[in-house]
Protein chains: 2
Amino acid sequence: MKISEASVQAGVSIPTFKYYLREGLVQPGERLSTNQTAYDDTHVQRVRLVRALIETGGLSIAAAKRVLATLDSGTPLAYTFEAAQHALAVGGAGAVAAQPDSLARIGALTASHAWAVTPENPGANVAARALDALAAIGFTPSDEYLDAYASAASTIAHADLTALTTRSRPELIAELMVVGTVLGDALIAGLRRLAQENATADLFPADAGTDRKDAS
Amino acid sequence: MKISEASVQAGVSIPTFKYYLREGLVQPGERLSTNQTAYDDTHVQRVRLVRALIETGGLSIAAAKRVLATLDSGTPLAYTFEAAQHALAVGGAGAVAAQPDSLARIGALTASHAWAVTPENPGANVAARALDALAAIGFTPSDEYLDAYASAASTIAHADLTALTTRSRPELIAELMVVGTVLGDALIAGLRRLAQENATADLFPADAGTDRKDAS
């Protein structure tokens, strides 16, 4: 198909499609003549994937490239999550080393939950950097707070892994590992906002005088 | 104190401190003479907060400005979460409307968990956009998958709200609401990476021949 049709199917503009091609995020089409290039369903699928990572996952072009390289390199499934996690950590909160105290606290947390994790997992630094930043506003989370987060993480990870078993082909499993790593963060962030609203009304009721919600 | 000392205390370079001042992210110091301006602990605290939002929370300057405006405007606590959530959603995944199907699915999910949420909560669109993006790679999450995420979100939100009760002054509560909204996302993302590694080893064991971990 022509790039115009492929763009429509992928849900992007032609300039965006061309931009992804130029950046090497999408494989080149088949050159039929000097002014005609053919694209197929694999291109449409790939553009959708790139769009999901960038627009919804909030990844930079550079981060999307690193994450996709993980997929394209045919990394064994045992290491796909790990490779995707490292690709995401570069340049993000994982780029700066957290304070030793915070890293030790995250280490103690994973140990208390008996998680088998390697010291290289970039998640430890990302989580510890969050503790550093909370400390900067004078907030030291209680053990109960961190336990709640760890339990929630465990619940999500279990769902993530179970979802992988619904896919049969290794490349589809790898795709979901990589994309799910990015989009699961967005999904839990959105649901957390909703759950917070539900919980806030109980703890911090609006004054009757300043209530902006209609009684209904 | 001088800007040099305030910068050291806040953990940023002098150019970064000046950049935050120019961008209006930090309130001006007290002008003592034409070439001397005094800063105090409130400036140090504010720079730490800005740094946490930008470096660890991954916010853009524009998003940090919107979030901080929420704090500075003295929004009643009943609406601080809501205001912070809207400030974060602008320009992010909340900026593009999700597909009606995905929004309906998130609506059904919150209803099944009996969450009291308003239609304006931007979390619904963020979560629905994640479903859109997962659909783009042919993955439709099961009800069990979404229930697991919703349960995790509820666990986290409960911990978030409980943490607020440890702070006494309204401005400190508001600060933690705003900063915690941003940094909690980083904390759960990091812990999720760790929990995934723990769960992956069971489901996708490395082949003996390609095992990169030493037996120990």
# chains A, B, ... in the order shown; residues from 1 in each chain; ligands from 1
$ residues_around --residues "B:Val8" --least-positions-apart "2" --cutoff "12 Å" --atoms "only C-alpha atoms" --output "MDAnalysis selection string"
chainID B and resid 1:6 10:17 41 43:45 47:48
$ write_last_selection --atoms "N, CA, C and O atoms" --output "tab-separated table (two decimals), in the first residue's frame"
chain	number	residue	atom	x	y	z
B	1	MET	N	21.29	34.46	53.22
B	1	MET	CA	22.51	33.85	52.67
B	1	MET	C	22.66	34.22	51.19
B	1	MET	O	21.70	34.61	50.54
B	2	LYS	N	23.89	34.08	50.70
B	2	LYS	CA	24.14	34.36	49.28
B	2	LYS	C	23.62	33.22	48.42
B	2	LYS	O	23.43	32.10	48.88
B	3	ILE	N	23.51	33.51	47.12
B	3	ILE	CA	23.01	32.49	46.20
B	3	ILE	C	23.95	31.29	46.15
B	3	ILE	O	23.52	30.14	45.98
B	4	SER	N	25.25	31.55	46.34
B	4	SER	CA	26.22	30.44	46.30
B	4	SER	C	25.94	29.45	47.43
B	4	SER	O	25.94	28.23	47.22
B	5	GLU	N	25.68	29.97	48.62
B	5	GLU	CA	25.41	29.08	49.75
B	5	GLU	C	24.05	28.40	49.60
B	5	GLU	O	23.91	27.20	49.87
B	6	ALA	N	23.06	29.16	49.16
B	6	ALA	CA	21.72	28.59	48.97
B	6	ALA	C	21.75	27.47	47.93
B	6	ALA	O	21.08	26.44	48.08
B	10	ALA	N	20.77	23.58	48.51
B	10	ALA	CA	19.67	22.99	47.73
B	10	ALA	C	20.16	21.86	46.83
B	10	ALA	O	19.35	21.12	46.26
B	11	GLY	N	21.48	21.76	46.67
B	11	GLY	CA	22.02	20.68	45.86
B	11	GLY	C	21.96	20.92	44.36
B	11	GLY	O	21.89	19.98	43.56
B	12	VAL	N	21.97	22.20	43.97
B	12	VAL	CA	21.99	22.53	42.53
B	12	VAL	C	23.14	23.49	42.25
B	12	VAL	O	23.70	24.10	43.17
B	13	SER	N	23.49	23.65	40.98
B	13	SER	CA	24.53	24.62	40.60
B	13	SER	C	23.92	26.02	40.65
B	13	SER	O	22.69	26.18	40.63
B	14	ILE	N	24.78	27.03	40.70
B	14	ILE	CA	24.28	28.42	40.71
B	14	ILE	C	23.52	28.73	39.42
B	14	ILE	O	22.43	29.31	39.48
B	15	PRO	N	24.02	28.31	38.24
B	15	PRO	CA	23.23	28.56	37.02
B	15	PRO	C	21.83	27.94	37.06
B	15	PRO	O	20.86	28.54	36.59
B	16	THR	N	21.73	26.74	37.64
B	16	THR	CA	20.40	26.09	37.74
B	16	THR	C	19.50	26.91	38.66
B	16	THR	O	18.33	27.15	38.37
B	17	PHE	N	20.06	27.34	39.80
B	17	PHE	CA	19.31	28.17	40.74
B	17	PHE	C	18.79	29.43	40.03
B	17	PHE	O	17.60	29.78	40.12
B	41	ASP	N	15.97	29.98	53.96
B	41	ASP	CA	15.60	28.55	53.92
B	41	ASP	C	14.40	28.27	53.03
B	41	ASP	O	14.30	27.18	52.47
B	43	HIS	N	13.81	29.56	50.20
B	43	HIS	CA	14.29	29.42	48.83
B	43	HIS	C	14.95	28.05	48.63
B	43	HIS	O	14.75	27.40	47.60
B	44	VAL	N	15.74	27.64	49.61
B	44	VAL	CA	16.43	26.34	49.54
B	44	VAL	C	15.39	25.23	49.41
B	44	VAL	O	15.49	24.35	48.56
B	45	GLN	N	14.36	25.31	50.25
B	45	GLN	CA	13.30	24.31	50.26
B	45	GLN	C	12.59	24.28	48.91
B	45	GLN	O	12.31	23.21	48.36
B	47	VAL	N	13.73	25.26	45.95
B	47	VAL	CA	14.59	24.75	44.87
B	47	VAL	C	14.64	23.22	44.94
B	47	VAL	O	14.59	22.54	43.91
B	48	ARG	N	14.70	22.68	46.15
B	48	ARG	CA	14.68	21.21	46.30
B	48	ARG	C	13.40	20.63	45.73
B	48	ARG	O	13.41	19.58	45.09
$ residues_around --residues "stretch 63-75 of chain A" --least-positions-apart "4" --cutoff "8 Å" --atoms "only C-alpha atoms" --output "PyMOL selection string"
chain A and resi 24-25+50+53-54+59+79-80+83-84+87-88+90+171+174-175+178
$ residues_around --residues "B:Gly57" --least-positions-apart "4" --cutoff "9 Å" --atoms "only C-alpha atoms" --output "list in words"
Ala93, Ala130 and Ala133 of chain A; Arg51, Ala52, Leu53, Val179, Val182, Leu183, Gly184, Asp185 and Ala186 of chain B
$ write_last_selection --atoms "all heavy atoms" --output "PDB file, in the first residue's frame"
ATOM      1  N   ALA A  93      15.174   8.873  35.417  1.00  0.00           N
ATOM      2  CA  ALA A  93      15.509   8.952  36.836  1.00  0.00           C
ATOM      3  C   ALA A  93      16.605   7.946  37.196  1.00  0.00           C
ATOM      4  O   ALA A  93      17.244   8.057  38.231  1.00  0.00           O
ATOM      5  CB  ALA A  93      14.272   8.686  37.686  1.00  0.00           C
ATOM      6  N   ALA A 130      13.113   8.374  43.989  1.00  0.00           N
ATOM      7  CA  ALA A 130      11.832   8.920  44.460  1.00  0.00           C
ATOM      8  C   ALA A 130      11.908   9.185  45.966  1.00  0.00           C
ATOM      9  O   ALA A 130      11.422  10.209  46.451  1.00  0.00           O
ATOM     10  CB  ALA A 130      10.683   7.969  44.127  1.00  0.00           C
ATOM     11  N   ALA A 133      13.886  12.327  46.543  1.00  0.00           N
ATOM     12  CA  ALA A 133      13.111  13.528  46.231  1.00  0.00           C
ATOM     13  C   ALA A 133      12.063  13.803  47.309  1.00  0.00           C
ATOM     14  O   ALA A 133      11.819  14.954  47.661  1.00  0.00           O
ATOM     15  CB  ALA A 133      12.454  13.388  44.857  1.00  0.00           C
TER      16      ALA A 133
ATOM     17  N   ARG B  51      13.482  20.796  41.925  1.00  0.00           N
ATOM     18  CA  ARG B  51      14.417  19.787  41.429  1.00  0.00           C
ATOM     19  C   ARG B  51      13.785  18.390  41.475  1.00  0.00           C
ATOM     20  O   ARG B  51      13.918  17.591  40.553  1.00  0.00           O
ATOM     21  CB  ARG B  51      15.668  19.826  42.325  1.00  0.00           C
ATOM     22  CG  ARG B  51      16.824  19.066  41.762  1.00  0.00           C
ATOM     23  CD  ARG B  51      18.074  19.260  42.610  1.00  0.00           C
ATOM     24  NE  ARG B  51      18.961  18.139  42.380  1.00  0.00           N
ATOM     25  CZ  ARG B  51      19.506  17.400  43.326  1.00  0.00           C
ATOM     26  NH1 ARG B  51      19.282  17.678  44.605  1.00  0.00           N
ATOM     27  NH2 ARG B  51      20.271  16.397  43.014  1.00  0.00           N
ATOM     28  N   ALA B  52      13.079  18.115  42.567  1.00  0.00           N
ATOM     29  CA  ALA B  52      12.422  16.803  42.707  1.00  0.00           C
ATOM     30  C   ALA B  52      11.391  16.599  41.603  1.00  0.00           C
ATOM     31  O   ALA B  52      11.302  15.527  41.003  1.00  0.00           O
ATOM     32  CB  ALA B  52      11.756  16.697  44.081  1.00  0.00           C
ATOM     33  N   LEU B  53      10.622  17.638  41.334  1.00  0.00           N
ATOM     34  CA  LEU B  53       9.570  17.524  40.319  1.00  0.00           C
ATOM     35  C   LEU B  53      10.164  17.326  38.927  1.00  0.00           C
ATOM     36  O   LEU B  53       9.683  16.511  38.146  1.00  0.00           O
ATOM     37  CB  LEU B  53       8.687  18.776  40.317  1.00  0.00           C
ATOM     38  CG  LEU B  53       7.821  18.999  41.562  1.00  0.00           C
ATOM     39  CD1 LEU B  53       7.115  20.345  41.481  1.00  0.00           C
ATOM     40  CD2 LEU B  53       6.800  17.881  41.710  1.00  0.00           C
ATOM     41  N   VAL B 179       3.576  16.821  45.450  1.00  0.00           N
ATOM     42  CA  VAL B 179       4.840  16.139  45.163  1.00  0.00           C
ATOM     43  C   VAL B 179       4.638  14.626  45.157  1.00  0.00           C
ATOM     44  O   VAL B 179       5.186  13.910  44.315  1.00  0.00           O
ATOM     45  CB  VAL B 179       5.917  16.543  46.195  1.00  0.00           C
ATOM     46  CG1 VAL B 179       7.208  15.804  45.937  1.00  0.00           C
ATOM     47  CG2 VAL B 179       6.141  18.044  46.133  1.00  0.00           C
ATOM     48  N   VAL B 182       3.339  13.195  41.940  1.00  0.00           N
ATOM     49  CA  VAL B 182       4.371  13.040  40.912  1.00  0.00           C
ATOM     50  C   VAL B 182       5.339  11.903  41.266  1.00  0.00           C
ATOM     51  O   VAL B 182       5.609  11.019  40.456  1.00  0.00           O
ATOM     52  CB  VAL B 182       5.163  14.354  40.743  1.00  0.00           C
ATOM     53  CG1 VAL B 182       6.295  14.173  39.743  1.00  0.00           C
ATOM     54  CG2 VAL B 182       4.234  15.472  40.296  1.00  0.00           C
ATOM     55  N   LEU B 183       5.858  11.933  42.496  1.00  0.00           N
ATOM     56  CA  LEU B 183       6.911  10.990  42.857  1.00  0.00           C
ATOM     57  C   LEU B 183       6.394   9.588  43.132  1.00  0.00           C
ATOM     58  O   LEU B 183       7.122   8.610  42.964  1.00  0.00           O
ATOM     59  CB  LEU B 183       7.695  11.514  44.065  1.00  0.00           C
ATOM     60  CG  LEU B 183       8.448  12.811  43.763  1.00  0.00           C
ATOM     61  CD1 LEU B 183       9.167  13.300  45.006  1.00  0.00           C
ATOM     62  CD2 LEU B 183       9.438  12.623  42.625  1.00  0.00           C
ATOM     63  N   GLY B 184       5.137   9.477  43.553  1.00  0.00           N
ATOM     64  CA  GLY B 184       4.559   8.155  43.758  1.00  0.00           C
ATOM     65  C   GLY B 184       4.532   7.362  42.454  1.00  0.00           C
ATOM     66  O   GLY B 184       4.721   6.144  42.454  1.00  0.00           O
ATOM     67  N   ASP B 185       4.323   8.065  41.345  1.00  0.00           N
ATOM     68  CA  ASP B 185       4.358   7.387  40.043  1.00  0.00           C
ATOM     69  C   ASP B 185       5.745   6.790  39.791  1.00  0.00           C
ATOM     70  O   ASP B 185       5.862   5.670  39.281  1.00  0.00           O
ATOM     71  CB  ASP B 185       4.025   8.365  38.902  1.00  0.00           C
ATOM     72  CG  ASP B 185       2.548   8.742  38.861  1.00  0.00           C
ATOM     73  OD1 ASP B 185       1.748   8.088  39.541  1.00  0.00           O
ATOM     74  OD2 ASP B 185       2.212   9.686  38.122  1.00  0.00           O
ATOM     75  N   ALA B 186       6.795   7.539  40.145  1.00  0.00           N
ATOM     76  CA  ALA B 186       8.169   7.043  39.955  1.00  0.00           C
ATOM     77  C   ALA B 186       8.448   5.878  40.902  1.00  0.00           C
ATOM     78  O   ALA B 186       9.080   4.884  40.524  1.00  0.00           O
ATOM     79  CB  ALA B 186       9.179   8.167  40.187  1.00  0.00           C
TER      80      ALA B 186
END
$ closest_residue --among "A:Leu32, A:Ile61, A:Leu172, A:Ala152" --to "chain B" --atoms "only C-alpha atoms"
A:Ala152
$ residues_around --residues "B:Gln27" --least-positions-apart "3" --cutoff "10 Å" --atoms "only C-alpha atoms" --output "list in words"
Tyr20, Leu21, Arg22, Glu23, Gly24, Glu30, Tyr39, Thr42, His43, Arg46 and Val47 of chain B
$ select_by_dssp --residues "stretch 31-211 of chain B" --states "strand (DSSP E)" --output "list in words"
Arg31, Leu32, Ser33, Gln36, Thr37 and Ala38 of chain B
$ write_last_selection --atoms "C-alpha atoms" --output "short mmCIF file (atom, residue, chain, number, x, y, z; two decimals), in the first residue's frame"
data_model
loop_
_atom_site.label_atom_id
_atom_site.label_comp_id
_atom_site.auth_asym_id
_atom_site.auth_seq_id
_atom_site.Cartn_x
_atom_site.Cartn_y
_atom_site.Cartn_z
CA ARG B 31 17.37 42.74 47.09
CA LEU B 32 19.87 44.24 49.58
CA SER B 33 21.80 46.37 47.10
CA GLN B 36 23.51 41.64 46.50
CA THR B 37 20.39 39.54 46.95
CA ALA B 38 19.62 37.52 50.07
#
$ residues_around --residues "B:Gly107" --least-positions-apart "2" --cutoff "12 Å" --atoms "only C-alpha atoms" --output "number ranges by chain"
A: 191, 194; B: 100-105, 109-121, 123-125, 127-128, 146, 150
$ write_last_selection --atoms "C-alpha atoms" --output "PDB file, in the first residue's frame"
ATOM      1  CA  LEU A 191      -6.016   4.614  38.047  1.00  0.00           C
ATOM      2  CA  LEU A 194      -9.017   8.003  40.290  1.00  0.00           C
TER       3      LEU A 194
ATOM      4  CA  PRO B 100     -14.979   5.974  23.774  1.00  0.00           C
ATOM      5  CA  ASP B 101     -14.662   2.184  24.163  1.00  0.00           C
ATOM      6  CA  SER B 102     -11.601   2.544  26.382  1.00  0.00           C
ATOM      7  CA  LEU B 103     -13.177   5.313  28.451  1.00  0.00           C
ATOM      8  CA  ALA B 104     -16.263   3.151  28.924  1.00  0.00           C
ATOM      9  CA  ARG B 105     -14.115   0.244  30.070  1.00  0.00           C
ATOM     10  CA  LEU B 109     -13.857  -0.646  36.177  1.00  0.00           C
ATOM     11  CA  THR B 110     -14.206   2.265  38.613  1.00  0.00           C
ATOM     12  CA  ALA B 111     -17.929   1.498  38.992  1.00  0.00           C
ATOM     13  CA  SER B 112     -17.216  -2.151  39.780  1.00  0.00           C
ATOM     14  CA  HIS B 113     -14.796  -1.014  42.501  1.00  0.00           C
ATOM     15  CA  ALA B 114     -17.445   1.458  43.740  1.00  0.00           C
ATOM     16  CA  TRP B 115     -15.070   4.416  43.469  1.00  0.00           C
ATOM     17  CA  ALA B 116     -16.686   7.819  43.861  1.00  0.00           C
ATOM     18  CA  VAL B 117     -15.042   9.788  41.058  1.00  0.00           C
ATOM     19  CA  THR B 118     -16.074  12.778  38.963  1.00  0.00           C
ATOM     20  CA  PRO B 119     -16.144  12.614  35.149  1.00  0.00           C
ATOM     21  CA  GLU B 120     -13.541  15.423  35.097  1.00  0.00           C
ATOM     22  CA  ASN B 121     -10.844  13.341  36.802  1.00  0.00           C
ATOM     23  CA  GLY B 123      -6.939   9.837  35.436  1.00  0.00           C
ATOM     24  CA  ALA B 124      -9.742   8.218  33.450  1.00  0.00           C
ATOM     25  CA  ASN B 125      -8.375   9.569  30.184  1.00  0.00           C
ATOM     26  CA  ALA B 127      -5.786   5.108  31.891  1.00  0.00           C
ATOM     27  CA  ALA B 128      -8.042   4.836  28.821  1.00  0.00           C
ATOM     28  CA  LEU B 146      -7.637  -4.481  35.047  1.00  0.00           C
ATOM     29  CA  ALA B 150      -7.340  -1.168  40.164  1.00  0.00           C
TER      30      ALA B 150
END
$ select_by_dssp --residues "chain B" --states "alpha helix (DSSP H)" --output "number ranges by chain"
B: 3-10, 14-22, 41-51, 61-72, 77-89, 100-112, 123-136, 143-164, 170-203
